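Novice: Next comes the structure file structure.pdb, holding PDB, C-alpha atoms, pLDDT in the B column.
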MODEL        1
ATOM      1  CA  MET A  21    -237.620 -40.807   3.087  1.00 47.00           C
ATOM      2  CA  ASN A  22    -234.206 -42.460   3.400  1.00 64.00           C
ATOM      3  CA  ALA A  23    -233.221 -42.483  -0.275  1.00 61.00           C
ATOM      4  CA  SER A  24    -229.874 -44.163   0.390  1.00 90.00           C
ATOM      5  CA  LEU A  25    -231.506 -47.545   1.052  1.00 95.00           C
ATOM      6  CA  GLN A  26    -232.069 -49.486  -2.166  1.00 97.00           C
ATOM      7  CA  TYR A  27    -232.056 -53.227  -1.334  1.00 98.00           C
ATOM      8  CA  ILE A  28    -233.397 -55.451   1.384  1.00 98.00           C
ATOM      9  CA  ILE A  29    -231.566 -58.785   1.412  1.00 98.00           C
ATOM     10  CA  PHE A  30    -233.111 -61.772   3.150  1.00 98.00           C
ATOM     11  CA  ASP A  31    -231.380 -64.874   4.379  1.00 98.00           C
ATOM     12  CA  LEU A  32    -233.350 -67.978   3.430  1.00 98.00           C
ATOM     13  CA  ASP A  33    -233.379 -70.894   5.858  1.00 97.00           C
ATOM     14  CA  ASP A  34    -235.017 -70.306   9.245  1.00 96.00           C
ATOM     15  CA  THR A  35    -235.530 -66.659   8.240  1.00 97.00           C
ATOM     16  CA  LEU A  36    -238.190 -66.643   5.522  1.00 98.00           C
ATOM     17  CA  TYR A  37    -239.952 -69.585   7.155  1.00 97.00           C
ATOM     18  CA  PRO A  38    -240.248 -70.761  10.792  1.00 94.00           C
ATOM     19  CA  ARG A  39    -237.607 -72.943  12.421  1.00 92.00           C
ATOM     20  CA  SER A  40    -240.431 -75.282  13.395  1.00 94.00           C
ATOM     21  CA  SER A  41    -240.978 -76.297   9.739  1.00 96.00           C
ATOM     22  CA  GLY A  42    -238.410 -79.084  10.001  1.00 96.00           C
ATOM     23  CA  VAL A  43    -236.486 -78.098   6.850  1.00 97.00           C
ATOM     24  CA  MET A  44    -233.179 -77.397   8.553  1.00 95.00           C
ATOM     25  CA  GLN A  45    -233.529 -80.436  10.791  1.00 95.00           C
ATOM     26  CA  GLU A  46    -233.749 -82.600   7.673  1.00 97.00           C
ATOM     27  CA  ILE A  47    -230.822 -80.824   6.042  1.00 96.00           C
ATOM     28  CA  GLY A  48    -228.848 -81.334   9.241  1.00 94.00           C
ATOM     29  CA  ARG A  49    -229.693 -85.033   9.160  1.00 95.00           C
ATOM     30  CA  ARG A  50    -228.432 -85.264   5.577  1.00 97.00           C
ATOM     31  CA  ILE A  51    -225.211 -83.400   6.438  1.00 95.00           C
ATOM     32  CA  GLN A  52    -224.651 -85.918   9.210  1.00 94.00           C
ATOM     33  CA  GLN A  53    -225.314 -88.792   6.806  1.00 96.00           C
ATOM     34  CA  TRP A  54    -222.934 -87.374   4.183  1.00 96.00           C
ATOM     35  CA  LEU A  55    -220.121 -86.981   6.730  1.00 94.00           C
ATOM     36  CA  GLN A  56    -220.577 -90.511   8.031  1.00 95.00           C
ATOM     37  CA  GLN A  57    -220.586 -92.038   4.554  1.00 94.00           C
ATOM     38  CA  THR A  58    -217.741 -89.950   3.158  1.00 92.00           C
ATOM     39  CA  PHE A  59    -215.316 -90.229   6.063  1.00 91.00           C
ATOM     40  CA  ASP A  60    -216.494 -93.541   7.544  1.00 93.00           C
ATOM     41  CA  LEU A  61    -217.400 -91.898  10.848  1.00 94.00           C
ATOM     42  CA  SER A  62    -219.637 -92.913  13.699  1.00 95.00           C
ATOM     43  CA  PRO A  63    -222.678 -90.697  14.351  1.00 94.00           C
ATOM     44  CA  GLU A  64    -220.854 -89.164  17.324  1.00 94.00           C
ATOM     45  CA  GLU A  65    -217.717 -88.432  15.294  1.00 95.00           C
ATOM     46  CA  ALA A  66    -219.736 -86.881  12.468  1.00 94.00           C
ATOM     47  CA  SER A  67    -221.661 -84.707  14.920  1.00 93.00           C
ATOM     48  CA  ALA A  68    -218.422 -83.511  16.527  1.00 93.00           C
ATOM     49  CA  MET A  69    -216.910 -82.695  13.118  1.00 92.00           C
ATOM     50  CA  ARG A  70    -219.979 -80.770  12.051  1.00 92.00           C
ATOM     51  CA  ARG A  71    -220.063 -78.742  15.253  1.00 91.00           C
ATOM     52  CA  ARG A  72    -216.318 -78.014  15.118  1.00 91.00           C
ATOM     53  CA  TYR A  73    -216.482 -76.783  11.542  1.00 91.00           C
ATOM     54  CA  PHE A  74    -219.609 -74.715  12.141  1.00 86.00           C
ATOM     55  CA  LEU A  75    -218.130 -72.929  15.153  1.00 86.00           C
ATOM     56  CA  ARG A  76    -214.818 -72.180  13.433  1.00 86.00           C
ATOM     57  CA  TYR A  77    -215.859 -71.565   9.831  1.00 86.00           C
ATOM     58  CA  GLY A  78    -219.566 -70.707   9.893  1.00 82.00           C
ATOM     59  CA  THR A  79    -220.732 -73.729   7.896  1.00 88.00           C
ATOM     60  CA  THR A  80    -219.845 -77.388   7.653  1.00 92.00           C
ATOM     61  CA  LEU A  81    -218.915 -76.911   4.000  1.00 92.00           C
ATOM     62  CA  ALA A  82    -216.479 -74.086   4.772  1.00 90.00           C
ATOM     63  CA  GLY A  83    -214.764 -76.348   7.292  1.00 91.00           C
ATOM     64  CA  LEU A  84    -214.638 -79.233   4.849  1.00 91.00           C
ATOM     65  CA  MET A  85    -213.089 -77.025   2.181  1.00 90.00           C
ATOM     66  CA  ALA A  86    -210.495 -75.672   4.609  1.00 88.00           C
ATOM     67  CA  ALA A  87    -209.486 -79.048   6.009  1.00 83.00           C
ATOM     68  CA  ASN A  88    -210.141 -81.481   3.139  1.00 73.00           C
ATOM     69  CA  ALA A  89    -210.090 -79.363  -0.014  1.00 60.00           C
ATOM     70  CA  GLN A  90    -208.588 -82.098  -2.181  1.00 61.00           C
ATOM     71  CA  ASP A  91    -210.731 -84.908  -0.818  1.00 77.00           C
ATOM     72  CA  ILE A  92    -214.321 -83.740  -1.196  1.00 84.00           C
ATOM     73  CA  ASP A  93    -216.727 -83.248  -4.068  1.00 90.00           C
ATOM     74  CA  VAL A  94    -218.383 -79.914  -3.260  1.00 92.00           C
ATOM     75  CA  ASP A  95    -221.108 -80.310  -5.868  1.00 92.00           C
ATOM     76  CA  ASP A  96    -221.971 -83.766  -4.528  1.00 94.00           C
ATOM     77  CA  TYR A  97    -222.152 -82.421  -0.983  1.00 95.00           C
ATOM     78  CA  LEU A  98    -224.405 -79.506  -1.919  1.00 96.00           C
ATOM     79  CA  PHE A  99    -226.723 -81.666  -4.001  1.00 95.00           C
ATOM     80  CA  PHE A 100    -226.995 -84.378  -1.368  1.00 97.00           C
ATOM     81  CA  VAL A 101    -227.706 -82.176   1.650  1.00 96.00           C
ATOM     82  CA  HIS A 102    -230.290 -80.033  -0.169  1.00 97.00           C
ATOM     83  CA  ASP A 103    -232.045 -82.875  -1.976  1.00 96.00           C
ATOM     84  CA  ILE A 104    -235.173 -82.731   0.152  1.00 96.00           C
ATOM     85  CA  PRO A 105    -238.844 -82.280  -0.849  1.00 96.00           C
ATOM     86  CA  VAL A 106    -239.271 -78.766   0.547  1.00 97.00           C
ATOM     87  CA  GLU A 107    -242.912 -78.704  -0.562  1.00 95.00           C
ATOM     88  CA  THR A 108    -243.746 -81.283   2.109  1.00 96.00           C
ATOM     89  CA  TYR A 109    -242.391 -78.968   4.815  1.00 97.00           C
ATOM     90  CA  LEU A 110    -243.458 -75.528   3.582  1.00 98.00           C
ATOM     91  CA  ASP A 111    -246.775 -74.011   2.539  1.00 97.00           C
ATOM     92  CA  PRO A 112    -247.494 -70.747   0.722  1.00 98.00           C
ATOM     93  CA  SER A 113    -247.307 -67.782   3.108  1.00 98.00           C
ATOM     94  CA  PRO A 114    -249.877 -65.086   2.295  1.00 98.00           C
ATOM     95  CA  ALA A 115    -248.714 -63.010   5.271  1.00 98.00           C
ATOM     96  CA  LEU A 116    -245.115 -62.992   4.010  1.00 98.00           C
ATOM     97  CA  ASP A 117    -246.361 -62.194   0.527  1.00 98.00           C
ATOM     98  CA  ARG A 118    -248.283 -59.165   1.826  1.00 98.00           C
ATOM     99  CA  MET A 119    -245.302 -57.890   3.805  1.00 98.00           C
ATOM    100  CA  LEU A 120    -242.987 -58.165   0.811  1.00 98.00           C
ATOM    101  CA  TRP A 121    -245.425 -56.308  -1.449  1.00 98.00           C
ATOM    102  CA  ALA A 122    -245.542 -53.487   1.107  1.00 97.00           C
ATOM    103  CA  ILE A 123    -241.758 -52.962   1.265  1.00 97.00           C
ATOM    104  CA  PRO A 124    -240.773 -50.377  -1.398  1.00 97.00           C
ATOM    105  CA  LEU A 125    -237.215 -51.628  -1.885  1.00 97.00           C
ATOM    106  CA  SER A 126    -235.613 -53.995  -4.351  1.00 98.00           C
ATOM    107  CA  LYS A 127    -235.382 -57.462  -2.821  1.00 98.00           C
ATOM    108  CA  ALA A 128    -232.826 -60.251  -2.893  1.00 98.00           C
ATOM    109  CA  VAL A 129    -232.253 -63.562  -1.178  1.00 98.00           C
ATOM    110  CA  TYR A 130    -228.701 -64.444  -0.184  1.00 98.00           C
ATOM    111  CA  THR A 131    -228.090 -67.892   1.264  1.00 97.00           C
ATOM    112  CA  ASN A 132    -225.246 -70.219   2.234  1.00 95.00           C
ATOM    113  CA  ALA A 133    -227.192 -72.882   0.321  1.00 96.00           C
ATOM    114  CA  THR A 134    -227.434 -73.148  -3.462  1.00 97.00           C
ATOM    115  CA  SER A 135    -229.527 -70.822  -5.571  1.00 97.00           C
ATOM    116  CA  THR A 136    -231.370 -73.815  -7.069  1.00 97.00           C
ATOM    117  CA  TYR A 137    -232.459 -74.955  -3.633  1.00 98.00           C
ATOM    118  CA  ALA A 138    -233.345 -71.380  -2.654  1.00 98.00           C
ATOM    119  CA  ARG A 139    -235.657 -71.025  -5.631  1.00 98.00           C
ATOM    120  CA  ARG A 140    -237.433 -74.241  -4.668  1.00 98.00           C
ATOM    121  CA  VAL A 141    -238.030 -72.848  -1.185  1.00 98.00           C
ATOM    122  CA  LEU A 142    -239.271 -69.509  -2.549  1.00 98.00           C
ATOM    123  CA  ARG A 143    -241.678 -71.301  -4.874  1.00 98.00           C
ATOM    124  CA  ALA A 144    -242.972 -73.425  -2.012  1.00 98.00           C
ATOM    125  CA  LEU A 145    -243.626 -70.233  -0.017  1.00 98.00           C
ATOM    126  CA  ASP A 146    -245.147 -68.670  -3.174  1.00 98.00           C
ATOM    127  CA  VAL A 147    -243.024 -65.519  -2.877  1.00 98.00           C
ATOM    128  CA  ILE A 148    -240.410 -65.929  -5.616  1.00 98.00           C
ATOM    129  CA  VAL A 149    -242.020 -63.150  -7.657  1.00 98.00           C
ATOM    130  CA  HIS A 150    -240.694 -60.561  -5.197  1.00 98.00           C
ATOM    131  CA  PHE A 151    -236.990 -61.262  -5.621  1.00 98.00           C
ATOM    132  CA  GLU A 152    -234.854 -59.674  -8.312  1.00 98.00           C
ATOM    133  CA  HIS A 153    -231.814 -61.712  -7.281  1.00 98.00           C
ATOM    134  CA  VAL A 154    -231.364 -65.120  -5.670  1.00 98.00           C
ATOM    135  CA  ILE A 155    -227.728 -65.444  -4.616  1.00 98.00           C
ATOM    136  CA  GLY A 156    -226.404 -68.856  -3.607  1.00 97.00           C
ATOM    137  CA  ILE A 157    -223.070 -70.022  -2.294  1.00 96.00           C
ATOM    138  CA  GLU A 158    -221.923 -70.964  -5.800  1.00 96.00           C
ATOM    139  CA  ASP A 159    -222.343 -67.310  -6.816  1.00 97.00           C
ATOM    140  CA  VAL A 160    -219.925 -66.027  -4.162  1.00 97.00           C
ATOM    141  CA  GLY A 161    -216.985 -68.351  -4.749  1.00 94.00           C
ATOM    142  CA  MET A 162    -218.211 -71.012  -2.319  1.00 93.00           C
ATOM    143  CA  HIS A 163    -217.428 -68.703   0.597  1.00 92.00           C
ATOM    144  CA  SER A 164    -219.730 -68.713   3.622  1.00 91.00           C
ATOM    145  CA  LYS A 165    -221.199 -65.576   5.182  1.00 93.00           C
ATOM    146  CA  ALA A 166    -218.491 -65.697   7.836  1.00 89.00           C
ATOM    147  CA  ASP A 167    -216.068 -64.693   5.063  1.00 92.00           C
ATOM    148  CA  ARG A 168    -215.990 -61.015   4.047  1.00 95.00           C
ATOM    149  CA  ARG A 169    -215.365 -62.022   0.428  1.00 96.00           C
ATOM    150  CA  ALA A 170    -218.814 -63.614   0.272  1.00 96.00           C
ATOM    151  CA  TYR A 171    -220.611 -60.381   1.103  1.00 97.00           C
ATOM    152  CA  GLU A 172    -218.315 -58.366  -1.158  1.00 98.00           C
ATOM    153  CA  ARG A 173    -219.245 -60.607  -4.073  1.00 98.00           C
ATOM    154  CA  ALA A 174    -222.950 -60.438  -3.197  1.00 98.00           C
ATOM    155  CA  LEU A 175    -222.749 -56.626  -3.289  1.00 98.00           C
ATOM    156  CA  GLU A 176    -220.992 -56.790  -6.660  1.00 98.00           C
ATOM    157  CA  ILE A 177    -223.871 -58.885  -7.992  1.00 98.00           C
ATOM    158  CA  LEU A 178    -226.404 -56.365  -6.714  1.00 98.00           C
ATOM    159  CA  GLY A 179    -224.336 -53.428  -7.953  1.00 97.00           C
ATOM    160  CA  VAL A 180    -224.711 -51.376  -4.785  1.00 97.00           C
ATOM    161  CA  PRO A 181    -222.563 -50.480  -1.738  1.00 97.00           C
ATOM    162  CA  GLY A 182    -223.230 -52.024   1.648  1.00 97.00           C
ATOM    163  CA  SER A 183    -224.693 -48.742   2.897  1.00 96.00           C
ATOM    164  CA  ALA A 184    -227.552 -49.147   0.406  1.00 97.00           C
ATOM    165  CA  CYS A 185    -228.605 -52.519   1.852  1.00 98.00           C
ATOM    166  CA  ILE A 186    -230.538 -53.964   4.750  1.00 97.00           C
ATOM    167  CA  MET A 187    -229.578 -57.547   5.683  1.00 98.00           C
ATOM    168  CA  VAL A 188    -232.181 -59.720   7.424  1.00 98.00           C
ATOM    169  CA  GLU A 189    -230.773 -62.841   9.119  1.00 97.00           C
ATOM    170  CA  ASP A 190    -231.606 -65.346  11.837  1.00 96.00           C
ATOM    171  CA  THR A 191    -227.951 -66.191  12.602  1.00 93.00           C
ATOM    172  CA  LEU A 192    -226.022 -63.620  14.597  1.00 92.00           C
ATOM    173  CA  GLN A 193    -222.561 -64.515  13.320  1.00 90.00           C
ATOM    174  CA  ASN A 194    -223.710 -64.118   9.716  1.00 93.00           C
ATOM    175  CA  LEU A 195    -224.351 -60.412  10.330  1.00 95.00           C
ATOM    176  CA  GLU A 196    -220.786 -59.544  11.394  1.00 94.00           C
ATOM    177  CA  GLN A 197    -219.403 -59.087   7.876  1.00 95.00           C
ATOM    178  CA  ALA A 198    -222.618 -57.469   6.663  1.00 97.00           C
ATOM    179  CA  LYS A 199    -222.295 -54.822   9.367  1.00 96.00           C
ATOM    180  CA  ALA A 200    -218.578 -54.349   8.651  1.00 96.00           C
ATOM    181  CA  LEU A 201    -219.454 -53.529   5.027  1.00 97.00           C
ATOM    182  CA  GLY A 202    -221.937 -50.862   6.071  1.00 97.00           C
ATOM    183  CA  MET A 203    -225.226 -52.723   5.849  1.00 97.00           C
ATOM    184  CA  THR A 204    -228.112 -52.051   8.193  1.00 96.00           C
ATOM    185  CA  THR A 205    -228.623 -55.345  10.014  1.00 97.00           C
ATOM    186  CA  ILE A 206    -231.828 -56.943  11.282  1.00 97.00           C
ATOM    187  CA  LEU A 207    -231.715 -60.084  13.417  1.00 97.00           C
ATOM    188  CA  VAL A 208    -234.780 -62.331  13.439  1.00 97.00           C
ATOM    189  CA  ASP A 209    -235.536 -64.369  16.570  1.00 91.00           C
ATOM    190  CA  GLY A 210    -232.165 -64.115  18.273  1.00 86.00           C
ATOM    191  CA  GLN A 211    -230.144 -62.288  20.932  1.00 86.00           C
ATOM    192  CA  PRO A 212    -228.516 -59.166  19.431  1.00 88.00           C
ATOM    193  CA  ASP A 213    -225.001 -57.841  19.916  1.00 86.00           C
ATOM    194  CA  GLY A 214    -222.951 -55.024  18.415  1.00 85.00           C
ATOM    195  CA  HIS A 215    -223.376 -56.321  14.864  1.00 86.00           C
ATOM    196  CA  VAL A 216    -227.149 -55.848  15.024  1.00 94.00           C
ATOM    197  CA  ASP A 217    -229.003 -52.593  14.394  1.00 94.00           C
ATOM    198  CA  VAL A 218    -232.488 -53.962  15.029  1.00 95.00           C
ATOM    199  CA  ALA A 219    -233.784 -57.251  16.464  1.00 95.00           C
ATOM    200  CA  VAL A 220    -237.300 -58.612  15.926  1.00 96.00           C
ATOM    201  CA  ASP A 221    -238.920 -61.713  17.370  1.00 94.00           C
ATOM    202  CA  ASP A 222    -241.059 -62.312  14.275  1.00 96.00           C
ATOM    203  CA  LEU A 223    -240.106 -61.979  10.604  1.00 97.00           C
ATOM    204  CA  LEU A 224    -243.391 -60.229   9.843  1.00 96.00           C
ATOM    205  CA  LYS A 225    -242.292 -57.286  12.015  1.00 96.00           C
ATOM    206  CA  VAL A 226    -239.547 -56.518   9.511  1.00 97.00           C
ATOM    207  CA  GLY A 227    -242.056 -54.587   7.429  1.00 96.00           C
ATOM    208  CA  GLU A 228    -242.680 -52.183  10.313  1.00 95.00           C
ATOM    209  CA  VAL A 229    -238.938 -51.752  10.830  1.00 96.00           C
ATOM    210  CA  ILE A 230    -238.414 -50.895   7.162  1.00 96.00           C
ATOM    211  CA  GLU A 231    -241.203 -48.334   7.291  1.00 94.00           C
ATOM    212  CA  ASP A 232    -239.510 -46.651  10.252  1.00 93.00           C
ATOM    213  CA  LEU A 233    -236.082 -46.684   8.566  1.00 93.00           C
ATOM    214  CA  LEU A 234    -237.390 -45.242   5.318  1.00 93.00           C
ATOM    215  CA  ASN A 235    -239.153 -42.449   7.177  1.00 90.00           C
ATOM    216  CA  GLY A 236    -236.160 -41.499   9.295  1.00 85.00           C
ATOM    217  CA  ARG A 237    -237.432 -43.028  12.514  1.00 84.00           C
ATOM    218  CA  ARG A 238    -235.121 -45.142  14.657  1.00 79.00           C
ATOM    219  CA  PRO A 239    -236.689 -48.550  15.342  1.00 80.00           C
ATOM    220  CA  ALA A 240    -236.330 -49.909  18.871  1.00 63.00           C
ATOM    221  CA  LEU A 241    -233.633 -52.585  19.225  1.00 59.00           C
TER     222      LEU A 241
ENDMDL
END
Mind converting the file's structure to structure tokens?
Specialist:
Amino acid sequence: MNASLQYIIFDLDDTLYPRSSGVMQEIGRRIQQWLQQTFDLSPEEASAMRRRYFLRYGTTLAGLMAANAQDIDVDDYLFFVHDIPVETYLDPSPALDRMLWAIPLSKAVYTNATSTYARRVLRALDVIVHFEHVIGIEDVGMHSKADRRAYERALEILGVPGSACIMVEDTLQNLEQAKALGMTTILVDGQPDGHVDVAVDDLLKVGEVIEDLLNGRRPAL
């Protein structure tokens, strides 16, 4: 057994539930609406701003804080974009529940969204019982996962080094800092690069990967 691994950390959106659920599409629509209302932008201008900030900073919020730190209400932004009825998009996932029960590691969720929103999603999926920690952006100094400080703070909260953790993510760029801090990285439903140790095309295959890692077997990339 690989005794050095203590935590498996899951991203939330589009990782613990399918992209096809529509949750992130609705959040994206609300981000667009917030940008238009706040900065008096056309839909095209808001879309361009959102894309520019995402590509450079990892999230729209990180871009807003870098470019307009004195002009935005971060709490208002976070509340507005996550104020959606997640229960209408997500159902309990018995298959996810079974996989989580079978993984003999402590479990955490770490998201660029708020911890309040994350808990609503976990309750809708009926898997919140598995997670010892739910870490939101407010817990890591409002830094996005593109910022090393965010992962450093998340590790402080968990009380373990990066080498003791497995990070499961659907967004490739969010694994760069995790890998740099020594985490084992698993990419869900994406094209891997050098920041990825293992890639799976289905979240439910993560359980098999963990079994291999804990028993000293190298999973196929």
Novice: I want to know what sits within 9 Å of region 134-137 of chain A, based on all atoms listed in the file, with residues of the same chain fewer than 4 positions away left out; could you give that as a VMD selection string?
Specialist: chain A and resid 98 to 99 102 to 103 106 129 to 130 141 to 142 154 to 159
Novice: Please write as a ChimeraX atom specification the full residue list that the PyMOL selection byres ((chain A and resi 24) around 12) yields on this file.
Specialist: /A:21-23,25-28,125,180-186,202-204,233-236
Novice: If we count all atoms listed in the file, what is near Leu207 (chain A) at a cut-off of 10 Å, once residues fewer than 2 positions away on the same chain are taken out, given as a list of chain:residue names?
Specialist: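 Listed by chain and then number, they are A:Thr35, A:Met187, A:Val188, A:Glu189, A:Asp190, A:Thr191, A:Leu192, A:Asn194, A:Leu195, A:Thr205, A:Asp209, A:Gly210, A:Gln211, A:Pro212, A:Asp213, A:His215, A:Val216, A:Asp217, A:Val218, A:Ala219, A:Val220, A:Asp221, A:Asp222, A:Leu223, A:Val226, A:Leu241.
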Novice: Apply the PyMOL selection byres ((chain A and resi 92) around 12) to the displayed file and report the matching residues as a ChimeraX atom specification.
Specialist: /A:54-55,57-59,81-91,93-98
Novice: I need the output of the PyMOL selection byres ((chain A and resi 42) around 12) for this file as a ChimeraX atom specification; which residues are they?
Specialist: /A:33-34,37-41,43-49,104-110
Novice: Which one of A:Lys199, A:Lys225, A:Arg71, A:Lys127 sits closest to Phe151 (chain A) if you count all atoms listed in the file?
Specialist: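 Among the listed residues, A:Lys127 lies closest to Phe151 (chain A).
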Novice: Which residue gives the smallest distance to Phe30 (chain A) among A:Asp111, A:Glu152, A:Asp146, A:Glu65, with only C-alpha atoms counted?
Specialist: A:Glu152
